[in-house]
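Enquirer: Pasting structure.pdb below, which is PDB, C-alpha atoms.
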MODEL        1
ATOM      1  CA  MET A1325      89.391 201.501 100.805
ATOM      2  CA  ILE A1326      87.869 202.086  97.352
ATOM      3  CA  ALA A1327      88.624 199.825  94.395
ATOM      4  CA  ILE A1328      87.348 200.916  91.010
ATOM      5  CA  VAL A1329      88.044 198.485  88.233
ATOM      6  CA  PHE A1330      87.172 199.086  84.592
ATOM      7  CA  VAL A1331      87.328 196.082  82.348
ATOM      8  CA  SER A1332      86.496 196.503  78.700
ATOM      9  CA  CYS A1333      86.971 193.621  76.335
ATOM     10  CA  ASP A1334      88.326 195.110  73.152
ATOM     11  CA  GLN A1335      86.966 192.458  70.856
ATOM     12  CA  ASP A1336      87.641 194.523  67.768
ATOM     13  CA  GLN A1337      91.295 193.669  68.071
ATOM     14  CA  ASN A1338      90.374 190.036  67.567
ATOM     15  CA  VAL A1339      88.602 190.636  64.258
ATOM     16  CA  VAL A1340      90.688 189.270  61.425
ATOM     17  CA  GLN A1341      90.707 191.398  58.296
ATOM     18  CA  ASN A1342      89.172 189.157  55.659
ATOM     19  CA  ALA A1343      88.360 190.308  52.158
ATOM     20  CA  ASN A1344      86.178 187.247  51.601
ATOM     21  CA  PRO A1345      82.577 187.707  52.709
ATOM     22  CA  GLU A1346      82.376 183.905  53.008
ATOM     23  CA  ILE A1347      79.285 183.573  50.885
ATOM     24  CA  PHE A1348      80.667 181.060  48.388
ATOM     25  CA  PRO A1349      83.354 178.504  49.247
ATOM     26  CA  LYS A1350      86.892 179.482  48.276
ATOM     27  CA  GLY A1351      86.996 176.337  46.144
ATOM     28  CA  GLU A1352      89.915 174.627  44.470
ATOM     29  CA  ILE A1353      93.240 176.098  43.390
ATOM     30  CA  ILE A1354      93.236 176.989  39.699
ATOM     31  CA  ASN A1355      95.957 174.976  37.998
ATOM     32  CA  MET A1356      96.375 176.949  34.809
ATOM     33  CA  SER A1357      99.555 178.327  33.297
ATOM     34  CA  SER A1358      97.588 181.430  32.335
ATOM     35  CA  PHE A1359      97.459 182.585  35.955
ATOM     36  CA  VAL A1360     100.306 184.112  37.989
ATOM     37  CA  GLY A1361     100.187 183.483  41.736
ATOM     38  CA  THR A1362      97.513 181.484  43.506
ATOM     39  CA  ALA A1363      93.814 181.756  42.739
ATOM     40  CA  TRP A1364      90.875 179.597  43.790
ATOM     41  CA  LEU A1365      87.652 178.789  41.917
ATOM     42  CA  THR A1366      84.228 177.615  42.959
ATOM     43  CA  ARG A1367      82.075 176.753  39.957
ATOM     44  CA  LEU A1368      78.534 177.909  40.665
ATOM     45  CA  VAL A1369      76.728 177.427  37.360
ATOM     46  CA  SER A1370      77.779 175.635  34.165
ATOM     47  CA  ALA A1371      76.849 176.734  30.662
ATOM     48  CA  ASP A1372      74.351 174.586  28.782
ATOM     49  CA  SER A1373      72.514 174.730  25.474
ATOM     50  CA  MET A1374      69.736 176.913  26.914
ATOM     51  CA  ASN A1375      71.842 179.319  28.981
ATOM     52  CA  PHE A1376      75.384 179.864  27.771
ATOM     53  CA  ASN A1377      76.605 181.627  30.900
ATOM     54  CA  SER A1378      79.019 179.974  33.273
ATOM     55  CA  VAL A1379      79.331 181.521  36.733
ATOM     56  CA  GLY A1380      82.127 181.073  39.230
ATOM     57  CA  SER A1381      83.549 182.678  42.343
ATOM     58  CA  VAL A1382      87.271 183.390  42.070
ATOM     59  CA  THR A1383      89.582 184.385  44.910
ATOM     60  CA  PHE A1384      92.982 185.836  43.965
ATOM     61  CA  GLU A1385      95.612 185.928  46.673
ATOM     62  CA  THR A1386      97.508 189.214  46.980
ATOM     63  CA  GLY A1387      99.511 189.755  43.788
ATOM     64  CA  ALA A1388      97.822 186.946  41.831
ATOM     65  CA  ARG A1389      96.366 187.727  38.406
ATOM     66  CA  THR A1390      95.321 186.322  35.074
ATOM     67  CA  ASP A1391      97.270 186.682  31.843
ATOM     68  CA  TRP A1392      95.823 188.935  29.167
ATOM     69  CA  HIS A1393      92.827 187.167  27.600
ATOM     70  CA  TYR A1394      89.471 187.715  25.954
ATOM     71  CA  HIS A1395      86.069 186.059  25.963
ATOM     72  CA  PRO A1396      84.322 185.654  22.594
ATOM     73  CA  ALA A1397      80.943 186.312  24.244
ATOM     74  CA  GLY A1398      82.092 188.784  26.893
ATOM     75  CA  GLN A1399      82.230 188.684  30.668
ATOM     76  CA  ILE A1400      80.694 190.376  33.693
ATOM     77  CA  ILE A1401      82.675 190.713  36.924
ATOM     78  CA  LEU A1402      81.026 191.438  40.287
ATOM     79  CA  VAL A1403      83.361 192.294  43.156
ATOM     80  CA  LEU A1404      82.519 190.640  46.467
ATOM     81  CA  GLY A1405      85.522 191.714  48.511
ATOM     82  CA  GLY A1406      89.080 192.902  48.708
ATOM     83  CA  VAL A1407      90.899 195.144  46.275
ATOM     84  CA  GLY A1408      91.661 194.134  42.716
ATOM     85  CA  TYR A1409      92.921 195.451  39.406
ATOM     86  CA  TYR A1410      91.172 195.337  36.019
ATOM     87  CA  GLN A1411      92.569 196.571  32.736
ATOM     88  CA  GLU A1412      91.385 196.481  29.140
ATOM     89  CA  LYS A1413      93.827 196.774  26.258
ATOM     90  CA  ASP A1414      94.673 200.411  25.486
ATOM     91  CA  SER A1415      92.979 201.608  28.678
ATOM     92  CA  LYS A1416      94.324 202.465  32.092
ATOM     93  CA  LYS A1417      94.303 200.047  34.973
ATOM     94  CA  ARG A1418      91.268 200.318  37.238
ATOM     95  CA  ILE A1419      91.097 199.613  40.947
ATOM     96  CA  LEU A1420      88.111 197.447  41.892
ATOM     97  CA  ARG A1421      86.480 197.239  45.283
ATOM     98  CA  LYS A1422      83.538 195.475  46.914
ATOM     99  CA  GLY A1423      80.306 196.262  45.087
ATOM    100  CA  ASP A1424      81.876 197.187  41.741
ATOM    101  CA  ALA A1425      80.498 195.641  38.554
ATOM    102  CA  ILE A1426      82.444 195.411  35.285
ATOM    103  CA  LYS A1427      81.105 194.519  31.848
ATOM    104  CA  CYS A1428      83.833 193.484  29.474
ATOM    105  CA  PRO A1429      82.679 193.334  25.830
ATOM    106  CA  PRO A1430      83.262 190.289  23.626
ATOM    107  CA  ASP A1431      86.756 189.946  22.145
ATOM    108  CA  VAL A1432      88.274 192.793  24.194
ATOM    109  CA  PRO A1433      91.637 191.760  25.697
ATOM    110  CA  HIS A1434      91.823 192.375  29.435
ATOM    111  CA  TRP A1435      93.265 191.031  32.657
ATOM    112  CA  HIS A1436      92.184 191.066  36.272
ATOM    113  CA  GLY A1437      93.493 190.006  39.618
ATOM    114  CA  ALA A1438      94.290 190.997  43.170
ATOM    115  CA  SER A1439      96.026 194.214  44.057
ATOM    116  CA  ALA A1440      99.596 194.168  45.274
ATOM    117  CA  ASP A1441      98.430 194.687  48.857
ATOM    118  CA  GLU A1442      95.188 192.801  49.295
ATOM    119  CA  GLU A1443      93.386 189.696  48.072
ATOM    120  CA  PHE A1444      90.413 189.977  45.739
ATOM    121  CA  VAL A1445      87.154 188.047  45.525
ATOM    122  CA  GLN A1446      84.974 188.227  42.407
ATOM    123  CA  ILE A1447      82.075 186.560  40.656
ATOM    124  CA  ALA A1448      82.740 185.962  36.944
ATOM    125  CA  ILE A1449      79.769 185.560  34.587
ATOM    126  CA  THR A1450      81.216 184.351  31.318
ATOM    127  CA  GLY A1451      79.396 183.825  28.040
ATOM    128  CA  ARG A1452      80.407 180.516  26.442
ATOM    129  CA  LYS A1453      78.305 180.774  23.293
ATOM    130  CA  ASN A1454      81.032 181.761  20.865
ATOM    131  CA  GLY A1455      83.852 179.583  22.115
ATOM    132  CA  PRO A1456      86.264 179.312  25.033
ATOM    133  CA  THR A1457      88.444 182.013  26.568
ATOM    134  CA  VAL A1458      91.403 182.973  24.380
ATOM    135  CA  TRP A1459      94.626 183.400  26.341
ATOM    136  CA  LEU A1460      97.243 185.950  25.305
ATOM    137  CA  ASP A1461     100.463 187.349  26.796
ATOM    138  CA  ARG A1462     101.515 187.405  30.415
ATOM    139  CA  VAL A1463     100.824 190.678  32.235
ATOM    140  CA  SER A1464     104.217 192.330  32.608
ATOM    141  CA  ASP A1465     105.463 193.565  35.964
ATOM    142  CA  GLU A1466     105.329 197.075  34.500
ATOM    143  CA  GLU A1467     101.677 196.657  33.563
ATOM    144  CA  TYR A1468     100.781 195.051  36.889
ATOM    145  CA  GLY A1469     102.578 197.662  38.968
ATOM    146  CA  SER A1470     101.674 200.693  36.876
ATOM    147  CA  GLU A1471     100.519 203.697  38.859
ATOM    148  CA  ASP A1472      98.776 205.124  35.787
ATOM    149  CA  ILE A1473      95.304 204.393  37.096
ATOM    150  CA  GLU A1474      91.942 205.380  35.730
TER     151      GLU A1474
ATOM    152  CA  MET B 207      84.831 199.309 101.838
ATOM    153  CA  ILE B 208      83.316 200.090  98.439
ATOM    154  CA  ALA B 209      84.080 198.040  95.343
ATOM    155  CA  ILE B 210      82.759 199.344  92.040
ATOM    156  CA  VAL B 211      83.419 197.058  89.131
ATOM    157  CA  PHE B 212      82.500 197.879  85.566
ATOM    158  CA  VAL B 213      82.651 194.970  83.198
ATOM    159  CA  SER B 214      81.757 195.499  79.581
ATOM    160  CA  CYS B 215      82.302 192.466  77.502
ATOM    161  CA  ASP B 216      79.087 191.483  75.809
ATOM    162  CA  GLN B 217      79.614 193.189  72.479
ATOM    163  CA  ASP B 218      78.026 190.251  70.697
ATOM    164  CA  GLN B 219      74.684 191.340  72.069
ATOM    165  CA  ASN B 220      75.036 194.553  70.100
ATOM    166  CA  VAL B 221      75.498 192.787  66.779
ATOM    167  CA  VAL B 222      72.338 193.136  64.729
ATOM    168  CA  GLN B 223      71.365 190.053  62.786
ATOM    169  CA  ASN B 224      71.602 191.159  59.182
ATOM    170  CA  ALA B 225      71.080 188.866  56.232
ATOM    171  CA  ASN B 226      72.646 191.425  53.901
ATOM    172  CA  PRO B 227      76.398 191.077  53.520
ATOM    173  CA  GLU B 228      76.464 194.762  52.531
ATOM    174  CA  ILE B 229      78.372 194.211  49.327
ATOM    175  CA  PHE B 230      75.924 195.925  46.982
ATOM    176  CA  PRO B 231      73.655 198.805  48.046
ATOM    177  CA  LYS B 232      70.122 197.809  48.973
ATOM    178  CA  GLY B 233      68.919 200.152  46.212
ATOM    179  CA  GLU B 234      65.460 201.446  45.479
ATOM    180  CA  ILE B 235      62.091 199.950  46.367
ATOM    181  CA  ILE B 236      60.631 197.963  43.461
ATOM    182  CA  ASN B 237      57.328 199.548  42.502
ATOM    183  CA  MET B 238      55.767 196.711  40.540
ATOM    184  CA  SER B 239      52.353 195.175  40.980
ATOM    185  CA  SER B 240      53.947 191.796  40.297
ATOM    186  CA  PHE B 241      55.641 191.793  43.700
ATOM    187  CA  VAL B 242      54.004 191.159  47.090
ATOM    188  CA  GLY B 243      55.610 192.895  50.066
ATOM    189  CA  THR B 244      58.632 195.161  49.868
ATOM    190  CA  ALA B 245      61.693 194.420  47.767
ATOM    191  CA  TRP B 246      64.660 196.604  46.807
ATOM    192  CA  LEU B 247      66.753 196.571  43.623
ATOM    193  CA  THR B 248      70.223 197.771  42.742
ATOM    194  CA  ARG B 249      70.876 197.528  39.008
ATOM    195  CA  LEU B 250      74.461 196.400  38.507
ATOM    196  CA  VAL B 251      74.726 195.711  34.770
ATOM    197  CA  SER B 252      72.332 196.504  31.926
ATOM    198  CA  ALA B 253      71.812 194.329  28.877
ATOM    199  CA  ASP B 254      73.159 195.610  25.579
ATOM    200  CA  SER B 255      73.465 194.344  22.023
ATOM    201  CA  MET B 256      76.741 192.514  22.797
ATOM    202  CA  ASN B 257      75.828 191.016  26.173
ATOM    203  CA  PHE B 258      72.162 190.362  26.749
ATOM    204  CA  ASN B 259      72.460 189.737  30.480
ATOM    205  CA  SER B 260      71.137 192.196  32.998
ATOM    206  CA  VAL B 261      72.372 191.816  36.572
ATOM    207  CA  GLY B 262      70.831 193.182  39.732
ATOM    208  CA  SER B 263      70.926 192.723  43.485
ATOM    209  CA  VAL B 264      67.483 192.217  45.007
ATOM    210  CA  THR B 265      66.608 192.309  48.699
ATOM    211  CA  PHE B 266      63.234 190.870  49.718
ATOM    212  CA  GLU B 267      61.956 191.777  53.170
ATOM    213  CA  THR B 268      60.593 188.900  55.224
ATOM    214  CA  GLY B 269      57.490 187.538  53.487
ATOM    215  CA  ALA B 270      58.031 189.476  50.230
ATOM    216  CA  ARG B 271      57.998 187.587  46.930
ATOM    217  CA  THR B 272      57.476 187.833  43.212
ATOM    218  CA  ASP B 273      54.406 186.635  41.349
ATOM    219  CA  TRP B 274      54.776 183.585  39.152
ATOM    220  CA  HIS B 275      56.727 184.575  36.027
ATOM    221  CA  TYR B 276      59.146 183.316  33.410
ATOM    222  CA  HIS B 277      62.131 184.661  31.505
ATOM    223  CA  PRO B 278      62.288 183.883  27.765
ATOM    224  CA  ALA B 279      66.082 183.539  27.992
ATOM    225  CA  GLY B 280      66.311 182.085  31.500
ATOM    226  CA  GLN B 281      67.724 183.336  34.768
ATOM    227  CA  ILE B 282      70.483 182.568  37.251
ATOM    228  CA  ILE B 283      70.028 183.373  40.939
ATOM    229  CA  LEU B 284      72.969 183.618  43.377
ATOM    230  CA  VAL B 285      72.093 183.831  47.058
ATOM    231  CA  LEU B 286      74.101 186.376  49.050
ATOM    232  CA  GLY B 287      72.288 186.183  52.371
ATOM    233  CA  GLY B 288      69.219 185.356  54.364
ATOM    234  CA  VAL B 289      66.711 182.604  53.714
ATOM    235  CA  GLY B 290      64.485 182.504  50.659
ATOM    236  CA  TYR B 291      62.077 180.335  48.736
ATOM    237  CA  TYR B 292      62.256 179.289  45.086
ATOM    238  CA  GLN B 293      59.717 177.211  43.215
ATOM    239  CA  GLU B 294      59.316 176.106  39.617
ATOM    240  CA  LYS B 295      55.924 175.121  38.235
ATOM    241  CA  ASP B 296      55.086 171.482  39.034
ATOM    242  CA  SER B 297      58.018 171.198  41.446
ATOM    243  CA  LYS B 298      58.250 171.522  45.199
ATOM    244  CA  LYS B 299      59.293 174.709  46.921
ATOM    245  CA  ARG B 300      62.999 174.937  47.688
ATOM    246  CA  ILE B 301      64.638 176.741  50.587
ATOM    247  CA  LEU B 302      67.590 178.888  49.507
ATOM    248  CA  ARG B 303      70.468 180.010  51.678
ATOM    249  CA  LYS B 304      73.690 181.991  51.325
ATOM    250  CA  GLY B 305      75.928 180.453  48.670
ATOM    251  CA  ASP B 306      73.184 178.662  46.731
ATOM    252  CA  ALA B 307      73.025 179.051  42.953
ATOM    253  CA  ILE B 308      69.897 178.402  40.871
ATOM    254  CA  LYS B 309      69.638 178.103  37.111
ATOM    255  CA  CYS B 310      66.101 178.540  35.879
ATOM    256  CA  PRO B 311      65.654 177.480  32.241
ATOM    257  CA  PRO B 312      64.010 179.737  29.653
ATOM    258  CA  ASP B 313      60.191 179.853  29.697
ATOM    259  CA  VAL B 314      59.854 177.877  32.954
ATOM    260  CA  PRO B 315      57.343 179.545  35.309
ATOM    261  CA  HIS B 316      58.760 180.123  38.788
ATOM    262  CA  TRP B 317      58.655 182.483  41.737
ATOM    263  CA  HIS B 318      61.138 183.488  44.410
ATOM    264  CA  GLY B 319      61.266 185.612  47.506
ATOM    265  CA  ALA B 320      62.072 185.812  51.172
ATOM    266  CA  SER B 321      61.077 183.151  53.638
ATOM    267  CA  ALA B 322      58.319 183.804  56.135
ATOM    268  CA  ASP B 323      60.882 184.328  58.895
ATOM    269  CA  GLU B 324      63.899 186.035  57.359
ATOM    270  CA  GLU B 325      64.818 188.495  54.610
ATOM    271  CA  PHE B 326      66.576 187.300  51.465
ATOM    272  CA  VAL B 327      69.326 188.852  49.350
ATOM    273  CA  GLN B 328      70.036 187.590  45.838
ATOM    274  CA  ILE B 329      71.836 188.435  42.625
ATOM    275  CA  ALA B 330      69.669 187.904  39.533
ATOM    276  CA  ILE B 331      71.362 187.352  36.161
ATOM    277  CA  THR B 332      68.627 187.597  33.581
ATOM    278  CA  GLY B 333      68.890 186.967  29.848
ATOM    279  CA  ARG B 334      67.096 189.673  27.886
ATOM    280  CA  LYS B 335      67.717 188.340  24.402
ATOM    281  CA  ASN B 336      64.304 186.837  23.737
ATOM    282  CA  GLY B 337      62.116 189.496  25.301
ATOM    283  CA  PRO B 338      61.098 190.797  28.714
ATOM    284  CA  THR B 339      59.953 188.852  31.758
ATOM    285  CA  VAL B 340      56.417 187.466  31.390
ATOM    286  CA  TRP B 341      54.324 187.889  34.540
ATOM    287  CA  LEU B 342      51.694 185.322  35.510
ATOM    288  CA  ASP B 343      49.466 184.667  38.534
ATOM    289  CA  ARG B 344      50.008 185.797  42.089
ATOM    290  CA  VAL B 345      51.618 183.192  44.366
ATOM    291  CA  SER B 346      48.788 181.991  46.599
ATOM    292  CA  ASP B 347      49.129 181.926  50.374
ATOM    293  CA  GLU B 348      48.888 178.135  50.145
ATOM    294  CA  GLU B 349      51.800 177.992  47.696
ATOM    295  CA  TYR B 350      53.865 180.479  49.695
ATOM    296  CA  GLY B 351      53.249 178.762  53.016
ATOM    297  CA  SER B 352      53.435 175.184  51.787
ATOM    298  CA  GLU B 353      55.484 172.864  53.922
ATOM    299  CA  ASP B 354      55.904 170.446  51.028
ATOM    300  CA  ILE B 355      59.559 171.303  50.507
ATOM    301  CA  GLU B 356      62.143 169.709  48.228
TER     302      GLU B 356
ENDMDL
END
Any chance you could put this one into structure tokens?
Expert:
Amino acid sequence: MIAIVFVSCDQDQNVVQNANPEIFPKGEIINMSSFVGTAWLTRLVSADSMNFNSVGSVTFETGARTDWHYHPAGQIILVLGGVGYYQEKDSKKRILRKGDAIKCPPDVPHWHGASADEEFVQIAITGRKNGPTVWLDRVSDEEYGSEDIE
Amino acid sequence: MIAIVFVSCDQDQNVVQNANPEIFPKGEIINMSSFVGTAWLTRLVSADSMNFNSVGSVTFETGARTDWHYHPAGQIILVLGGVGYYQEKDSKKRILRKGDAIKCPPDVPHWHGASADEEFVQIAITGRKNGPTVWLDRVSDEEYGSEDIE
């Protein structure tokens, strides 16, 4: 009598897909009317009189996004995980993925957020020297869902 | 009677300990005499006339560190992985870990690098408005190895 038994634990099936690299805490839900859907913020660094940058980690759930807005001193976005969208006024929508870096010039209207299919985790480095963020119109469903991608 | 049993279930033993979350490429080796040991840099964002921040991802191998230096417009450090050291002049050495954020004021001498036991991965956000980094003395072995920790 010969018994041959192969047992292979397929641990990969237990790995949960997670766009968040779990470096910074997810933080608190952002309660602002200028966001659609749910997003979370961890404040990492506050602006002060010697360094006007504020830095935060933002997690957008799938489909969540900002309204159109601009920063009087510009913004840098570093993508930590997931898939997101970024669009500047009069430009096509861009798809952002882990490792991408965006530099948005001062006063240029733009919006960003998660893709329709996956959450999105980003670091935002925002210059506060020339005043607070200026919020504009809501991103329309047509703009959000546009397949005209750069 | 012959029983042959193959059990393969210890996949965890194949997981390499890696301080790098593999978000940004490790980049190129930094060839500067103001570093001790091996460090790698990926430039993510360059300073320009509208946004004076430069952003880069730096990986220090175990034991690698900068010399003492200061930034005329300050620096922000975000820790992505591993264990590092950070020290400002006349302050104790600090141990940095994933998720930590440091704001170093303009003109304050400091050094940073990997710990003696583990590599260190950081984002550096450096203001370039008031001139380039000013390099000072080498970090002594006594300073690097000090157990007088904040």
Enquirer: Here is a test: counting all atoms listed in the file, which residue of B:Thr244, B:Ser346, B:Gln293, B:Ser252 is nearest to chain A?
Expert: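 Residue with the minimum atom-to-atom distance to chain A: B:Ser252.
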Enquirer: Taking every C-alpha atom in sequence order, what RMSD do you get when chain B is least-squares fitted onto chain A?
Expert: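 Computed value for the CA RMSD is 1.3 Å.
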Enquirer: What does the distance from CA of Glu325 in chain B to CA of Ile1449 in chain A come to in Å, to one decimal?
Expert: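 Atom-to-atom, CA of Glu325 in chain B to CA of Ile1449 in chain A, that is 25.2 Å.
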Enquirer: Go through A:Glu1467, A:Ile1353, A:Glu1385, A:Leu1368 and flag the residue nearest Ile283 in chain B, using all atoms listed in the file for the distances.
Expert: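 For Ile283 in chain B, the nearest of the given residues is A:Leu1368.
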Enquirer: With the file shown as input, list the residues that the PyMOL selection byres ((chain B and resi 273) around 8) selects, as an MDAnalysis selection string.
Expert: chainID B and resid 240:242 271:272 274:275 317 341:345
Enquirer: Set the distance at 9 Å and use all atoms listed in the file: which residues neighbour Pro338 in chain B once local chain neighbours fewer than 3 positions away are removed? I'd like the list as a PDB file with C-alpha atoms, in the coordinates of the input.
Expert:
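New file part00.pdb:
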ATOM      1  CA  HIS B 277      62.131 184.661  31.505  1.00  0.00           C
ATOM      2  CA  PRO B 278      62.288 183.883  27.765  1.00  0.00           C
ATOM      3  CA  ALA B 279      66.082 183.539  27.992  1.00  0.00           C
ATOM      4  CA  GLY B 333      68.890 186.967  29.848  1.00  0.00           C
ATOM      5  CA  ARG B 334      67.096 189.673  27.886  1.00  0.00           C
ATOM      6  CA  LYS B 335      67.717 188.340  24.402  1.00  0.00           C
TER       7      LYS B 335
END
Enquirer: Translate the PyMOL selection byres ((chain A and resi 1369) around 12) into a concrete residue list for this structure, as a PyMOL selection string.
Expert: (chain A and resi 1365-1368+1370-1372+1375-1381+1447-1452) or (chain B and resi 281-284+305-310+331)
Enquirer: Restricting the calculation to only C-alpha atoms, which member of A:Gly1351, A:Gly1387, A:Gly1405, A:Gly1361 is positioned closest to chain B?
Expert: A:Gly1405
Enquirer: Which residue, A:Pro1429, A:Asn1355, A:Ala1388, A:Lys1417, has the smallest gap to chain B when you use only C-alpha atoms?
Expert: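 Using only C-alpha atoms, the shortest distance to chain B belongs to A:Pro1429.
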Enquirer: Which value, in Å to one decimal, gives the distance between CA of Pro1349 in chain A and CA of Trp1364 in chain A?
Expert: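 Taking CA of Pro1349 in chain A and CA of Trp1364 in chain A, their separation equals 9.4 Å.
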Enquirer: Work out how far CA of Glu1346 in chain A is from CA of Phe1444 in chain A, in Å to one decimal.
Expert: 12.4 Å
Enquirer: Would you kindly translate the PyMOL selection byres ((chain A and resi 1433) around 7) into the concrete residues it picks from this file, as a compact mmCIF listing (two decimals) with C-alpha atoms, in the frame of the given file?
Expert:
# COMPACT_ATOMS: atom_id res chain seq x y z
CA TRP A 1392 95.82 188.94 29.17
CA HIS A 1393 92.83 187.17 27.60
CA TYR A 1394 89.47 187.72 25.95
CA GLU A 1412 91.38 196.48 29.14
CA LYS A 1413 93.83 196.77 26.26
CA ASP A 1431 86.76 189.95 22.14
CA VAL A 1432 88.27 192.79 24.19
CA HIS A 1434 91.82 192.38 29.44
Enquirer: Which neighbours of Gly288 in chain B fall inside 10 Å, counting all atoms listed in the file, when residues of the same chain fewer than 4 positions from it are skipped, and could you give them as number ranges by chain?
Expert: B: 223-227, 265-268, 302-304, 320-321, 323-328
Enquirer: Between A:Val1382, A:Val1458, A:Val1403, A:Met1356, which is the closest to chain B once you count all atoms listed in the file?
Expert: A:Val1403
Enquirer: Would you please work out which residue, of A:Gly1408, A:Pro1430, A:Lys1350, A:Ala1363, is nearest to chain B when using all atoms listed in the file?
Expert: A:Pro1430
Enquirer: Could I get range 1414-1432 of chain A rebuilt with N, CA and C atoms, written as a short mmCIF file (atom, residue, chain, number, x, y, z; two decimals), keeping the file's coordinate frame?
Expert:
data_model
loop_
_atom_site.label_atom_id
_atom_site.label_comp_id
_atom_site.auth_asym_id
_atom_site.auth_seq_id
_atom_site.Cartn_x
_atom_site.Cartn_y
_atom_site.Cartn_z
N ASP A 1414 94.68 198.99 25.88
CA ASP A 1414 94.67 200.41 25.49
C ASP A 1414 93.88 201.29 26.45
N SER A 1415 93.60 200.79 27.63
CA SER A 1415 92.98 201.61 28.68
C SER A 1415 93.84 201.55 29.93
N LYS A 1416 93.58 202.47 30.84
CA LYS A 1416 94.32 202.46 32.09
C LYS A 1416 93.83 201.36 33.01
N LYS A 1417 94.67 201.02 33.94
CA LYS A 1417 94.30 200.05 34.97
C LYS A 1417 93.25 200.68 35.88
N ARG A 1418 92.29 199.85 36.30
CA ARG A 1418 91.27 200.32 37.24
C ARG A 1418 91.42 199.58 38.56
N ILE A 1419 91.11 200.26 39.63
CA ILE A 1419 91.10 199.61 40.95
C ILE A 1419 89.66 199.22 41.27
N LEU A 1420 89.46 197.96 41.61
CA LEU A 1420 88.11 197.45 41.89
C LEU A 1420 87.95 197.15 43.38
N ARG A 1421 86.78 197.49 43.87
CA ARG A 1421 86.48 197.24 45.28
C ARG A 1421 85.08 196.63 45.41
N LYS A 1422 84.83 196.08 46.57
CA LYS A 1422 83.54 195.48 46.91
C LYS A 1422 82.37 196.28 46.35
N GLY A 1423 81.49 195.60 45.62
CA GLY A 1423 80.31 196.26 45.09
C GLY A 1423 80.46 196.74 43.65
N ASP A 1424 81.68 196.75 43.13
CA ASP A 1424 81.88 197.19 41.74
C ASP A 1424 81.38 196.11 40.77
N ALA A 1425 80.92 196.56 39.62
CA ALA A 1425 80.50 195.64 38.55
C ALA A 1425 81.16 196.09 37.26
N ILE A 1426 81.73 195.14 36.53
CA ILE A 1426 82.44 195.41 35.28
C ILE A 1426 81.77 194.61 34.17
N LYS A 1427 81.61 195.25 33.01
CA LYS A 1427 81.10 194.52 31.85
C LYS A 1427 82.16 194.60 30.76
N CYS A 1428 82.78 193.51 30.48
CA CYS A 1428 83.83 193.48 29.47
C CYS A 1428 83.25 192.96 28.16
N PRO A 1429 83.31 193.75 27.09
CA PRO A 1429 82.68 193.33 25.83
C PRO A 1429 83.36 192.11 25.22
N PRO A 1430 82.67 191.43 24.34
CA PRO A 1430 83.26 190.29 23.63
C PRO A 1430 84.54 190.71 22.91
N ASP A 1431 85.52 189.81 22.94
CA ASP A 1431 86.76 189.95 22.14
C ASP A 1431 87.67 191.09 22.58
N VAL A 1432 87.40 191.71 23.71
CA VAL A 1432 88.27 192.79 24.19
C VAL A 1432 89.31 192.21 25.16
#
